[in-house]
file entry_3.txt (compact mmCIF, C-alpha atoms)
# COMPACT_ATOMS: atom_id res chain seq x y z
CA LEU A 8 -16.98 5.81 10.94
CA VAL A 9 -17.21 3.64 7.82
CA MET A 10 -15.45 4.43 4.56
CA GLU A 11 -18.26 2.94 2.47
CA ASP A 12 -20.75 5.42 3.97
CA PHE A 13 -18.37 8.30 3.27
CA TYR A 14 -17.80 7.10 -0.30
CA ARG A 15 -21.48 6.75 -1.15
CA GLY A 16 -22.14 10.19 0.27
CA ALA A 17 -19.36 11.63 -1.91
CA ARG A 18 -20.73 9.92 -5.01
CA ARG A 19 -24.15 11.47 -4.39
CA ARG A 20 -22.86 14.90 -3.40
CA LEU A 21 -20.49 15.19 -6.35
CA ASP A 22 -22.79 13.35 -8.78
CA VAL A 23 -20.10 10.87 -9.82
CA LEU A 24 -21.02 7.64 -11.61
CA MET A 25 -24.69 8.23 -10.83
CA ASP A 26 -27.77 7.62 -12.95
CA GLY A 27 -30.20 9.96 -11.28
CA GLY A 28 -30.35 8.90 -7.65
CA GLU A 29 -28.82 5.46 -8.24
CA PRO A 30 -25.24 4.33 -8.89
CA VAL A 31 -24.41 3.27 -12.45
CA GLY A 32 -25.16 -0.39 -13.01
CA GLY A 33 -27.21 -0.44 -9.80
CA ARG A 34 -24.09 -1.10 -7.71
CA TRP A 35 -21.93 1.05 -5.48
CA ASN A 36 -18.83 -1.10 -5.87
CA PHE A 37 -17.39 -3.77 -8.11
CA ASP A 38 -15.12 -5.39 -5.54
CA ALA A 39 -16.01 -8.91 -6.66
CA GLU A 40 -14.65 -8.16 -10.15
CA ASN A 41 -11.74 -6.08 -8.87
CA ARG A 42 -9.85 -8.64 -6.79
CA CYS A 43 -8.48 -10.96 -9.45
CA PRO A 44 -5.08 -12.66 -9.19
CA PRO A 45 -2.55 -11.59 -11.81
CA PRO A 46 -2.91 -13.07 -15.28
CA GLY A 47 -0.15 -15.45 -16.29
CA GLY A 48 0.93 -13.41 -19.29
CA GLY A 49 0.85 -10.05 -17.51
CA VAL A 50 -1.75 -7.31 -17.76
CA GLY A 51 -0.77 -6.33 -21.30
CA VAL A 52 -1.03 -2.56 -21.05
CA ALA A 53 1.12 0.29 -22.30
CA PRO A 54 3.83 1.39 -19.85
CA PRO A 55 3.12 4.36 -17.59
CA TRP A 56 4.18 7.87 -18.51
CA ARG A 57 7.86 8.54 -17.85
CA ALA A 58 9.67 11.84 -17.42
CA GLU A 59 12.32 13.17 -19.79
CA GLU A 60 14.93 14.89 -17.67
CA ASP A 61 16.22 18.32 -18.56
CA GLU A 62 18.65 20.92 -17.23
CA VAL A 63 16.39 21.63 -14.25
CA ASP A 64 16.67 18.01 -13.16
CA GLU A 65 20.44 18.24 -13.55
CA ARG A 66 20.65 21.36 -11.38
CA VAL A 67 18.37 19.86 -8.72
CA ARG A 68 20.44 16.66 -8.61
CA ASP A 69 23.64 18.70 -8.24
CA ASP A 70 22.11 20.65 -5.34
CA LEU A 71 20.93 17.51 -3.58
CA ASP A 72 24.29 15.78 -4.01
CA ARG A 73 26.12 18.82 -2.65
CA TRP A 74 23.82 19.14 0.36
CA GLU A 75 24.30 15.47 1.13
CA ARG A 76 28.10 15.75 0.88
CA ASP A 77 27.98 18.75 3.22
CA GLY A 78 25.92 16.81 5.76
CA GLU A 79 22.89 19.08 5.48
CA VAL A 80 20.53 16.30 4.40
CA ALA A 81 20.55 12.50 4.26
CA PHE A 82 18.73 10.30 1.78
CA VAL A 83 17.74 6.67 1.62
CA GLY A 84 17.74 4.48 -1.49
CA ARG A 85 19.51 4.94 -4.80
CA ASP A 86 19.45 7.85 -7.18
CA GLY A 87 18.09 7.21 -10.65
CA PRO A 88 16.18 8.83 -13.49
CA ARG A 89 13.16 10.85 -12.41
CA VAL A 90 10.00 8.77 -12.74
CA PHE A 91 7.20 11.08 -11.61
CA PRO A 92 5.76 14.37 -12.91
CA ALA A 93 7.32 17.60 -11.66
CA THR A 94 5.25 20.12 -13.64
CA ARG A 95 1.58 20.67 -14.35
CA GLY A 96 2.07 19.77 -18.01
CA GLU A 97 3.83 16.52 -17.15
CA ALA A 98 1.12 15.60 -14.66
CA LEU A 99 -1.62 16.13 -17.26
CA ALA A 100 0.30 13.99 -19.74
CA ALA A 101 0.61 11.23 -17.14
CA LEU A 102 -3.13 11.41 -16.44
CA ARG A 103 -3.96 11.19 -20.16
CA THR A 104 -1.66 8.17 -20.56
CA PHE A 105 -3.30 6.39 -17.66
CA VAL A 106 -6.92 7.04 -18.62
CA GLY A 107 -6.35 6.42 -22.31
CA HIS A 108 -4.22 3.28 -22.15
CA ARG A 109 -4.13 1.76 -18.66
CA LEU A 110 -7.35 2.45 -16.78
CA PRO A 111 -9.43 -0.14 -18.72
CA VAL A 112 -7.62 -3.02 -16.99
CA PHE A 113 -6.86 -1.28 -13.69
CA GLY A 114 -9.95 -2.54 -11.87
CA PRO A 115 -9.63 -6.34 -12.05
CA TYR A 116 -5.94 -6.44 -11.14
CA GLN A 117 -5.60 -3.55 -8.71
CA ASP A 118 -4.94 -5.95 -5.81
CA ALA A 119 -2.49 -8.17 -7.72
CA MET A 120 1.32 -8.12 -7.81
CA LEU A 121 3.73 -9.17 -10.57
CA SER A 122 7.50 -9.40 -10.11
CA GLY A 123 8.17 -8.42 -13.72
CA ASP A 124 5.77 -5.47 -13.76
CA PRO A 125 5.92 -3.18 -10.72
CA ALA A 126 3.46 -0.64 -12.15
CA MET A 127 0.96 -3.05 -13.76
CA ALA A 128 -2.10 -0.89 -14.60
CA HIS A 129 -1.76 1.48 -11.63
CA SER A 130 -1.97 5.19 -12.32
CA MET A 131 1.32 6.23 -10.68
CA LEU A 132 -0.34 9.61 -10.04
CA SER A 133 -0.17 9.80 -6.24
CA ALA A 134 2.97 11.94 -6.17
CA ALA A 135 1.48 14.42 -8.65
CA LEU A 136 -1.76 14.55 -6.64
CA ASN A 137 0.06 15.11 -3.34
CA LEU A 138 2.21 17.83 -4.88
CA GLY A 139 -0.91 19.65 -6.09
CA LEU A 140 -0.07 19.18 -9.77
CA LEU A 141 -3.41 17.43 -10.28
CA ASP A 142 -6.80 18.11 -8.72
CA PRO A 143 -8.35 14.82 -7.54
CA MET A 144 -11.67 15.77 -9.12
CA GLU A 145 -10.17 16.29 -12.58
CA CYS A 146 -8.85 12.72 -12.34
CA VAL A 147 -12.29 11.53 -11.23
CA ARG A 148 -14.05 13.35 -14.07
CA ALA A 149 -11.56 12.05 -16.62
CA ALA A 150 -12.20 8.47 -15.51
CA GLU A 151 -15.95 9.00 -15.46
CA ALA A 152 -15.92 10.53 -18.94
CA ALA A 153 -13.98 7.53 -20.25
CA TYR A 154 -16.66 5.25 -18.81
CA ARG A 155 -19.51 7.34 -20.23
CA ASP A 156 -17.84 7.28 -23.65
CA GLY A 157 -17.57 3.48 -23.57
CA ARG A 158 -13.76 3.45 -23.38
CA VAL A 159 -13.49 2.04 -19.86
CA PRO A 160 -15.61 -0.62 -18.13
CA ALA A 161 -17.59 0.40 -15.07
CA ALA A 162 -15.54 -1.82 -12.73
CA SER A 163 -12.26 -0.11 -13.62
CA ALA A 164 -13.68 3.41 -13.52
CA GLU A 165 -15.37 2.77 -10.17
CA GLY A 166 -12.27 1.13 -8.69
CA PHE A 167 -10.09 4.12 -9.54
CA ILE A 168 -12.67 6.69 -8.46
CA ARG A 169 -13.11 4.85 -5.15
CA GLN A 170 -9.36 5.27 -4.52
CA LEU A 171 -9.75 9.05 -4.85
CA ILE A 172 -13.08 10.25 -3.43
CA GLY A 173 -13.39 7.17 -1.26
CA TRP A 174 -10.12 6.14 0.32
CA ARG A 175 -7.81 9.10 -0.35
CA ASP A 176 -10.26 11.77 0.76
CA TYR A 177 -11.39 9.64 3.69
CA MET A 178 -7.76 9.43 4.92
CA TRP A 179 -7.40 13.20 4.70
CA HIS A 180 -10.49 13.79 6.81
CA LEU A 181 -9.54 11.13 9.38
CA TYR A 182 -6.07 12.64 9.75
CA TRP A 183 -7.61 15.88 11.03
CA HIS A 184 -10.50 14.20 12.85
CA PHE A 185 -8.32 11.87 14.94
CA GLY A 186 -5.87 14.64 15.86
CA GLU A 187 -2.28 14.74 17.03
CA HIS A 188 -2.62 11.95 19.62
CA TYR A 189 -3.36 9.45 16.86
CA ARG A 190 0.31 9.04 15.93
CA GLU A 191 1.04 7.84 19.47
CA LEU A 192 -1.50 4.98 19.45
CA ASN A 193 -0.07 1.48 19.85
CA ARG A 194 -2.98 -0.70 20.97
CA LEU A 195 -1.18 -3.94 20.06
CA GLY A 196 1.87 -2.96 22.11
CA ALA A 197 4.29 -3.35 19.19
CA ARG A 198 7.74 -2.15 20.32
CA ALA A 199 10.32 -3.82 18.06
CA PRO A 200 12.71 -1.34 16.43
CA LEU A 201 13.02 -1.48 12.66
CA PRO A 202 15.94 -3.77 11.75
CA GLU A 203 18.77 -2.02 9.94
CA TRP A 204 18.30 -4.12 6.80
CA PHE A 205 14.66 -3.03 6.61
CA ALA A 206 15.26 0.60 7.51
CA GLU A 207 18.04 0.98 4.95
CA LEU A 208 16.32 -0.99 2.16
CA ASP A 209 18.93 -3.74 2.02
CA ALA A 210 17.04 -5.96 -0.40
CA GLY A 211 20.09 -8.14 -1.02
CA ALA A 212 20.07 -9.34 2.60
CA VAL A 213 16.56 -10.83 2.22
CA GLU A 214 15.85 -14.26 0.71
CA ALA A 215 12.04 -14.08 0.91
CA ARG A 216 11.37 -13.11 -2.70
CA CYS A 217 8.33 -10.87 -2.19
CA LEU A 218 9.94 -8.86 0.60
CA SER A 219 13.29 -8.53 -1.18
CA TRP A 220 11.52 -7.36 -4.34
CA ALA A 221 9.43 -4.82 -2.41
CA LEU A 222 12.47 -3.34 -0.68
CA GLU A 223 14.28 -3.20 -4.02
CA GLN A 224 11.43 -1.25 -5.60
CA VAL A 225 11.41 1.28 -2.77
CA ARG A 226 15.21 1.54 -2.84
CA ASP A 227 15.35 2.18 -6.59
CA THR A 228 12.16 4.18 -7.26
CA GLY A 229 10.76 5.43 -3.95
CA PHE A 230 7.48 3.73 -4.81
CA THR A 231 5.41 0.55 -4.75
CA HIS A 232 1.69 0.26 -5.35
CA HIS A 233 -0.78 -0.01 -2.49
CA ILE A 234 -1.02 -3.81 -2.18
CA VAL A 235 2.76 -4.21 -1.94
CA ARG A 236 2.75 -1.57 0.80
CA LEU A 237 -0.10 -3.18 2.72
CA MET A 238 0.29 -6.92 2.20
CA VAL A 239 4.08 -7.29 1.90
CA LEU A 240 5.85 -4.43 3.69
CA GLY A 241 3.10 -3.56 6.17
CA ASN A 242 2.09 -7.18 6.70
CA TYR A 243 5.65 -8.19 7.58
CA ALA A 244 6.02 -5.25 9.98
CA LEU A 245 2.70 -6.08 11.64
CA GLN A 246 3.63 -9.72 12.11
CA ARG A 247 7.04 -8.84 13.58
CA GLY A 248 5.66 -6.17 15.91
CA PHE A 249 7.60 -3.22 14.51
CA ASP A 250 6.98 0.02 16.37
CA PRO A 251 4.15 1.70 14.41
CA ALA A 252 5.43 5.25 14.89
CA ALA A 253 8.87 4.28 13.61
CA LEU A 254 7.28 2.45 10.68
CA THR A 255 5.21 5.53 9.83
CA ASP A 256 8.38 7.62 9.77
CA TRP A 257 10.01 5.00 7.51
CA PHE A 258 7.17 5.13 5.00
CA HIS A 259 7.24 8.91 5.11
CA ARG A 260 10.97 8.99 4.47
CA CYS A 261 11.19 6.29 1.80
CA PHE A 262 8.20 6.98 -0.46
CA VAL A 263 8.02 9.77 -3.00
CA ASP A 264 4.34 10.32 -2.13
CA GLY A 265 4.97 10.16 1.63
CA TYR A 266 3.11 13.03 3.26
CA ASP A 267 2.15 13.00 6.93
CA TRP A 268 -1.61 13.14 6.27
CA VAL A 269 -1.31 10.20 3.90
CA MET A 270 1.01 7.95 5.86
CA LEU A 271 -0.26 8.45 9.40
CA PRO A 272 -3.78 7.00 9.03
CA ASN A 273 -2.70 4.46 6.41
CA VAL A 274 0.11 3.04 8.57
CA ILE A 275 -1.21 3.50 12.11
CA GLY A 276 -4.78 2.53 11.22
CA MET A 277 -4.93 0.46 8.05
CA SER A 278 -1.57 -1.31 8.02
CA GLN A 279 -0.60 -1.79 11.67
CA HIS A 280 -3.99 -1.73 13.45
CA ALA A 281 -2.27 0.34 16.11
CA ASP A 282 -5.49 2.29 16.70
CA GLY A 283 -7.31 -0.86 17.82
CA GLY A 284 -9.95 -0.57 15.10
CA LEU A 285 -10.81 3.13 14.85
CA LEU A 286 -10.12 3.02 11.12
CA ALA A 287 -10.25 -0.63 10.02
CA THR A 288 -12.42 -3.40 11.45
CA LYS A 289 -9.61 -5.97 11.58
CA PRO A 290 -5.82 -6.23 11.22
CA TYR A 291 -4.58 -6.74 7.66
CA ALA A 292 -2.45 -9.76 8.50
CA ALA A 293 -2.12 -12.63 6.04
CA GLY A 294 0.08 -15.64 5.48
CA GLY A 295 1.96 -16.82 2.45
CA ALA A 296 -1.19 -18.28 0.87
CA TYR A 297 -2.52 -14.79 0.18
CA ILE A 298 0.75 -13.66 -1.42
CA ASN A 299 0.86 -16.87 -3.47
CA ARG A 300 -2.68 -16.33 -4.72
CA MET A 301 -2.27 -12.66 -5.59
CA SER A 302 1.26 -12.66 -7.05
CA ASP A 303 3.93 -14.69 -8.82
CA PHE A 304 6.51 -14.27 -6.08
CA CYS A 305 6.27 -17.67 -4.43
CA ALA A 306 7.15 -19.71 -7.53
CA GLY A 307 10.79 -18.65 -7.43
CA CYS A 308 11.19 -18.35 -3.66
CA ARG A 309 13.24 -20.61 -1.40
CA TYR A 310 10.35 -20.64 1.08
CA HIS A 311 7.12 -22.59 0.66
CA PRO A 312 3.91 -20.65 1.34
CA SER A 313 2.13 -23.60 2.95
CA HIS A 314 4.94 -24.56 5.34
CA ARG A 315 4.94 -23.22 8.90
CA THR A 316 8.06 -24.90 10.25
CA GLY A 317 11.42 -26.05 8.92
CA ASP A 318 14.09 -24.49 6.73
CA ASP A 319 11.62 -23.74 3.94
CA ALA A 320 8.86 -22.37 6.20
CA CYS A 321 7.45 -19.17 4.72
CA PRO A 322 8.22 -16.28 7.09
CA PHE A 323 4.83 -14.77 6.27
CA THR A 324 2.92 -17.98 7.00
CA ALA A 325 4.80 -18.69 10.21
CA GLY A 326 4.81 -15.00 11.10
CA TYR A 327 1.04 -14.83 10.72
CA TRP A 328 0.47 -17.50 13.36
CA TRP A 329 3.11 -15.98 15.63
CA PHE A 330 1.31 -12.62 15.37
CA MET A 331 -2.04 -14.28 16.10
CA SER A 332 -0.62 -16.09 19.13
CA ARG A 333 0.98 -12.97 20.62
CA ASN A 334 -2.24 -10.98 20.23
CA ALA A 335 -4.80 -13.72 20.83
CA ASP A 336 -6.41 -12.11 23.87
CA LEU A 337 -7.03 -8.82 22.07
CA LEU A 338 -8.00 -10.34 18.73
CA SER A 339 -10.40 -12.89 20.18
CA ARG A 340 -12.73 -9.99 21.02
CA ASN A 341 -12.86 -8.99 17.34
CA ALA A 342 -15.77 -10.68 15.58
CA ARG A 343 -13.90 -10.76 12.26
CA MET A 344 -10.89 -12.47 13.84
CA SER A 345 -12.55 -15.02 16.10
CA ARG A 346 -12.60 -17.74 13.46
CA ALA A 347 -8.88 -17.34 12.80
CA ILE A 348 -8.14 -17.44 16.53
CA HIS A 349 -10.18 -20.64 16.82
CA GLY A 350 -8.20 -22.16 13.96
CA MET A 351 -4.91 -21.13 15.55
CA ARG A 352 -5.76 -22.93 18.79
CA ARG A 353 -6.17 -26.17 16.84
CA LEU A 354 -2.67 -26.06 15.32
CA PRO A 355 -0.61 -28.96 16.72
CA ASP A 356 2.71 -27.19 16.10
CA LEU A 357 1.85 -23.70 17.33
CA ASP A 358 4.49 -23.72 20.08
CA GLU A 359 7.13 -24.80 17.58
CA VAL A 360 6.07 -22.09 15.13
CA CYS A 361 6.23 -19.39 17.80
CA ALA A 362 9.62 -20.55 19.08
CA GLN A 363 10.99 -20.63 15.54
CA GLU A 364 9.82 -17.11 14.70
CA SER A 365 10.89 -15.70 18.04
CA ALA A 366 14.36 -17.14 17.45
CA ARG A 367 14.50 -15.42 14.04
CA GLY A 368 14.64 -12.13 15.89
CA ASP A 369 15.37 -9.20 13.60
CA ASP A 370 17.42 -11.27 11.14
CA PRO A 371 16.38 -10.80 7.50
CA PRO A 372 14.20 -13.71 6.33
call {"tool": "encode", "arguments": {"input": "entry_3.txt", "output": "structure tokens"}}
result
Amino acid sequence: LVMEDFYRGARRRLDVLMDGGEPVGGRWNFDAENRCPPPGGGVGVAPPWRAEEDEVDERVRDDLDRWERDGEVAFVGRDGPRVFPATRGEALAALRTFVGHRLPVFGPYQDAMLSGDPAMAHSMLSAALNLGLLDPMECVRAAEAAYRDGRVPAASAEGFIRQLIGWRDYMWHLYWHFGEHYRELNRLGARAPLPEWFAELDAGAVEARCLSWALEQVRDTGFTHHIVRLMVLGNYALQRGFDPAALTDWFHRCFVDGYDWVMLPNVIGMSQHADGGLLATKPYAAGGAYINRMSDFCAGCRYHPSHRTGDDACPFTAGYWWFMSRNADLLSRNARMSRAIHGMRRLPDLDEVCAQESARGDDPP
């Protein structure tokens, strides 16, 4: 099963971004243009749509607070103003704001992260989609119409549409295709329990700037965009060998768009490679160099992204090599990982790196 095959079939079947039998511009994807690091001055777009609370929000908050006091429910994170649409009208307004003012620059920077701009040009529509307030195809058609009208470049329209009829729909189908046993897969043998500071979103306990920031965003808004989830939160959990089932439950609990069909394949398959490659062809593990290239986090961090050992060794850089060492036998059989395994075996300080990271245990970095 390959997502690209599924996506191209959906484009043809639904006649999306097609010129006759060919994709617009003669290309199925614009990945080369859509993986840019963040611009120094920010993305320069209008802020996302924001809710205006009313008496319904007040009554809901009162109910939730009462149920929590009575011990009927328990929440994680901090309460705050509602951020996401709760009605059909609000969801349509959020879609119009995104397509009209933010979509044009979504494509190039969709894989980038900025500490001062958590939303960047992302749509922030996943909660509305998962609640059924928006039909995915009306979002697709709105983006396509903006491209056809010359308001949005092809790369941005295609990048957003790929997220919907490519990745999102693909995850839904795989959830049912793989079945109930999928949530039990743990091919890398990751057994570490989630540390309390991670589970309870204690951002203040963490000195690694990217990870502290990510936990803070989840704590305060119940949301981060997909690269923060994959390459900061998921990447750290993968490197440390967190139990994938427990991590899936954590994502489900902590994120406003956390539905089982969404989180299970994305965490078990994409993020933690616990399925051994049924969904993704390689683990999404990366060191501090990736985070440094695709964000502005490292500039103000006490850790150095290129250092593997010592007091200023980046926990992501050192953690990457520790992960590779622990799983070398399994990963060496993966064609896409063999080069990295070969590079690992040439590191003169590998034993020191592994001892250092093992000694860190479940302490916050």
call {"tool": "residues_near_point", "arguments": {"input": "entry_3.txt", "point": "(5.0, 8.6, 10.8)", "cutoff": "8 Å", "atoms": "all atoms listed in the file", "output": "PDB file with C-alpha atoms, in the frame of the given file"}}
result
ATOM      1  CA  ARG A 190       0.310   9.040  15.930  1.00  0.00           C
ATOM      2  CA  PRO A 251       4.150   1.700  14.410  1.00  0.00           C
ATOM      3  CA  ALA A 252       5.430   5.250  14.890  1.00  0.00           C
ATOM      4  CA  ALA A 253       8.870   4.280  13.610  1.00  0.00           C
ATOM      5  CA  LEU A 254       7.280   2.450  10.680  1.00  0.00           C
ATOM      6  CA  THR A 255       5.210   5.530   9.830  1.00  0.00           C
ATOM      7  CA  ASP A 256       8.380   7.620   9.770  1.00  0.00           C
ATOM      8  CA  TRP A 257      10.010   5.000   7.510  1.00  0.00           C
ATOM      9  CA  PHE A 258       7.170   5.130   5.000  1.00  0.00           C
ATOM     10  CA  HIS A 259       7.240   8.910   5.110  1.00  0.00           C
ATOM     11  CA  ASP A 267       2.150  13.000   6.930  1.00  0.00           C
ATOM     12  CA  MET A 270       1.010   7.950   5.860  1.00  0.00           C
ATOM     13  CA  LEU A 271      -0.260   8.450   9.400  1.00  0.00           C
ATOM     14  CA  VAL A 274       0.110   3.040   8.570  1.00  0.00           C
TER      15      VAL A 274
END
call {"tool": "closest_residue", "arguments": {"input": "entry_3.txt", "among": "A:Asp319, A:Gly16, A:Val9, A:Trp204", "to": "Leu285 in chain A", "atoms": "all atoms listed in the file"}}
result
A:Val9
call {"tool": "closest_atom_pairs", "arguments": {"input": "entry_3.txt", "of": "range 243-345 of chain A", "to": "range 363-369 of chain A", "cutoff": "12 Å", "atoms": "all atoms listed in the file", "output": "CSV"}}
result
residue,atom,partner,partner_atom,distance
A:Tyr243,CA,A:Asp369,CA,11.5
A:Ala244,CA,A:Asp369,CA,10.8
A:Gln246,CA,A:Glu364,CA,10.0
A:Arg247,CA,A:Asp369,CA,8.3
A:Gly248,CA,A:Asp369,CA,10.4
A:Phe249,CA,A:Asp369,CA,9.8
A:Arg315,CA,A:Gln363,CA,9.3
A:Thr316,CA,A:Gln363,CA,7.4
A:Gly317,CA,A:Gln363,CA,8.6
A:Asp318,CA,A:Gln363,CA,10.1
A:Ala320,CA,A:Gln363,CA,9.7
A:Cys321,CA,A:Glu364,CA,10.5
A:Pro322,CA,A:Glu364,CA,7.8
A:Phe323,CA,A:Glu364,CA,10.1
A:Thr324,CA,A:Glu364,CA,10.4
A:Ala325,CA,A:Glu364,CA,6.9
A:Gly326,CA,A:Glu364,CA,6.5
A:Tyr327,CA,A:Glu364,CA,9.9
A:Trp328,CA,A:Glu364,CA,9.5
A:Trp329,CA,A:Glu364,CA,6.9
A:Phe330,CA,A:Glu364,CA,9.6
A:Ser332,CA,A:Glu364,CA,11.4
A:Arg333,CA,A:Ser365,CA,10.6
call {"tool": "residues_near_point", "arguments": {"input": "entry_3.txt", "point": "(-1.4, 11.9, -17.1)", "cutoff": "10 Å", "atoms": "only C-alpha atoms", "output": "ChimeraX atom specification"}}
result
/A:55-57,92,95-107,130-132,135,141,146
call {"tool": "closest_residue", "arguments": {"input": "entry_3.txt", "among": "A:Ala293, A:Ala164, A:Met277, A:Cys308", "to": "Val213 in chain A", "atoms": "all atoms listed in the file"}}
result
A:Cys308
call {"tool": "residues_around", "arguments": {"input": "entry_3.txt", "residues": "Arg19 in chain A", "least_positions_apart": "6", "cutoff": "10 Å", "atoms": "all atoms listed in the file", "output": "ChimeraX atom specification"}}
result
/A:25,27-30
call {"tool": "closest_residue", "arguments": {"input": "entry_3.txt", "among": "A:Gly166, A:Gly173, A:Gly47, A:Gly114", "to": "Leu21 in chain A", "atoms": "only C-alpha atoms"}}
result
A:Gly173
call {"tool": "residues_around", "arguments": {"input": "entry_3.txt", "residues": "Gln170 in chain A", "least_positions_apart": "3", "cutoff": "12 Å", "atoms": "all atoms listed in the file", "output": "list in words"}}
result
Met10, Glu11, Tyr14, Asn36, Phe113, Gly114, Gln117, His129, Ser130, Leu132, Ser133, Pro143, Met144, Cys146, Val147, Ala150, Ser163, Ala164, Glu165, Gly166, Phe167, Gly173, Trp174, Arg175, Asp176, Tyr177, Met178 and His233 of chain A
call {"tool": "write_last_selection", "arguments": {"input": "entry_3.txt", "atoms": "C-alpha atoms", "output": "compact mmCIF listing (two decimals), keeping the file's coordinate frame"}}
result
# COMPACT_ATOMS: atom_id res chain seq x y z
CA MET A 10 -15.45 4.43 4.56
CA GLU A 11 -18.26 2.94 2.47
CA TYR A 14 -17.80 7.10 -0.30
CA ASN A 36 -18.83 -1.10 -5.87
CA PHE A 113 -6.86 -1.28 -13.69
CA GLY A 114 -9.95 -2.54 -11.87
CA GLN A 117 -5.60 -3.55 -8.71
CA HIS A 129 -1.76 1.48 -11.63
CA SER A 130 -1.97 5.19 -12.32
CA LEU A 132 -0.34 9.61 -10.04
CA SER A 133 -0.17 9.80 -6.24
CA PRO A 143 -8.35 14.82 -7.54
CA MET A 144 -11.67 15.77 -9.12
CA CYS A 146 -8.85 12.72 -12.34
CA VAL A 147 -12.29 11.53 -11.23
CA ALA A 150 -12.20 8.47 -15.51
CA SER A 163 -12.26 -0.11 -13.62
CA ALA A 164 -13.68 3.41 -13.52
CA GLU A 165 -15.37 2.77 -10.17
CA GLY A 166 -12.27 1.13 -8.69
CA PHE A 167 -10.09 4.12 -9.54
CA GLY A 173 -13.39 7.17 -1.26
CA TRP A 174 -10.12 6.14 0.32
CA ARG A 175 -7.81 9.10 -0.35
CA ASP A 176 -10.26 11.77 0.76
CA TYR A 177 -11.39 9.64 3.69
CA MET A 178 -7.76 9.43 4.92
CA HIS A 233 -0.78 -0.01 -2.49
call {"tool": "closest_residue", "arguments": {"input": "entry_3.txt", "among": "A:Gly211, A:Pro125, A:Gly33, A:Pro115", "to": "Pro54 in chain A", "atoms": "all atoms listed in the file"}}
result
A:Pro125
call {"tool": "closest_residue", "arguments": {"input": "entry_3.txt", "among": "A:Ser313, A:Thr288, A:Ser345, A:Gln224", "to": "Asp124 in chain A", "atoms": "only C-alpha atoms"}}
result
A:Gln224
call {"tool": "atom_distance", "arguments": {"input": "entry_3.txt", "atom1": "CA of Glu65 in chain A", "atom2": "CA of Phe262 in chain A"}}
result
21.2 Å
call {"tool": "atom_distance", "arguments": {"input": "entry_3.txt", "atom1": "CA of Tyr291 in chain A", "atom2": "CA of Leu222 in chain A"}}
result
19.3 Å
call {"tool": "axis_aligned_box", "arguments": {"input": "entry_3.txt", "around": "range 349-353 of chain A", "padding_each_side": "5 Å", "output": "lines of an AutoDock Vina configuration file"}}
result
center_x = -7.5
center_y = -23.4
center_z = 16.4
size_x = 15.3
size_y = 15.5
size_z = 14.8
call {"tool": "closest_residue", "arguments": {"input": "entry_3.txt", "among": "A:Gly229, A:Gly276, A:Gly32, A:Gly51", "to": "Ala161 in chain A", "atoms": "all atoms listed in the file"}}
result
A:Gly32
call {"tool": "atom_distance", "arguments": {"input": "entry_3.txt", "atom1": "CA of Met301 in chain A", "atom2": "CA of Arg34 in chain A"}}
result
24.8 Å
call {"tool": "decode", "arguments": {"input": "entry_3.txt", "residues": "range 352-362 of chain A", "atoms": "N, CA and C atoms", "output": "PDB file, in the first residue's frame"}}
result
ATOM      1  N   ARG A 352      27.817   3.343  12.765  1.00  0.00           N
ATOM      2  CA  ARG A 352      28.890   2.432  13.144  1.00  0.00           C
ATOM      3  C   ARG A 352      30.277   3.057  13.021  1.00  0.00           C
ATOM      4  N   ARG A 353      30.342   4.225  12.384  1.00  0.00           N
ATOM      5  CA  ARG A 353      31.617   4.919  12.252  1.00  0.00           C
ATOM      6  C   ARG A 353      31.802   5.989  13.319  1.00  0.00           C
ATOM      7  N   LEU A 354      30.795   6.200  14.165  1.00  0.00           N
ATOM      8  CA  LEU A 354      30.915   7.223  15.212  1.00  0.00           C
ATOM      9  C   LEU A 354      31.900   6.774  16.282  1.00  0.00           C
ATOM     10  N   PRO A 355      32.927   7.562  16.585  1.00  0.00           N
ATOM     11  CA  PRO A 355      33.905   7.145  17.591  1.00  0.00           C
ATOM     12  C   PRO A 355      33.371   7.202  19.013  1.00  0.00           C
ATOM     13  N   ASP A 356      32.318   7.988  19.237  1.00  0.00           N
ATOM     14  CA  ASP A 356      31.812   8.166  20.604  1.00  0.00           C
ATOM     15  C   ASP A 356      30.447   7.527  20.809  1.00  0.00           C
ATOM     16  N   LEU A 357      30.099   6.542  19.996  1.00  0.00           N
ATOM     17  CA  LEU A 357      28.757   5.956  20.079  1.00  0.00           C
ATOM     18  C   LEU A 357      28.477   5.375  21.455  1.00  0.00           C
ATOM     19  N   ASP A 358      29.437   4.664  22.038  1.00  0.00           N
ATOM     20  CA  ASP A 358      29.215   4.077  23.363  1.00  0.00           C
ATOM     21  C   ASP A 358      28.965   5.160  24.406  1.00  0.00           C
ATOM     22  N   GLU A 359      29.699   6.254  24.310  1.00  0.00           N
ATOM     23  CA  GLU A 359      29.511   7.359  25.248  1.00  0.00           C
ATOM     24  C   GLU A 359      28.127   7.987  25.079  1.00  0.00           C
ATOM     25  N   VAL A 360      27.716   8.163  23.822  1.00  0.00           N
ATOM     26  CA  VAL A 360      26.394   8.734  23.543  1.00  0.00           C
ATOM     27  C   VAL A 360      25.297   7.852  24.141  1.00  0.00           C
ATOM     28  N   CYS A 361      25.392   6.559  23.907  1.00  0.00           N
ATOM     29  CA  CYS A 361      24.366   5.633  24.392  1.00  0.00           C
ATOM     30  C   CYS A 361      24.327   5.594  25.913  1.00  0.00           C
ATOM     31  N   ALA A 362      25.501   5.595  26.549  1.00  0.00           N
ATOM     32  CA  ALA A 362      25.547   5.593  28.012  1.00  0.00           C
ATOM     33  C   ALA A 362      24.937   6.874  28.575  1.00  0.00           C
TER      34      ALA A 362
END
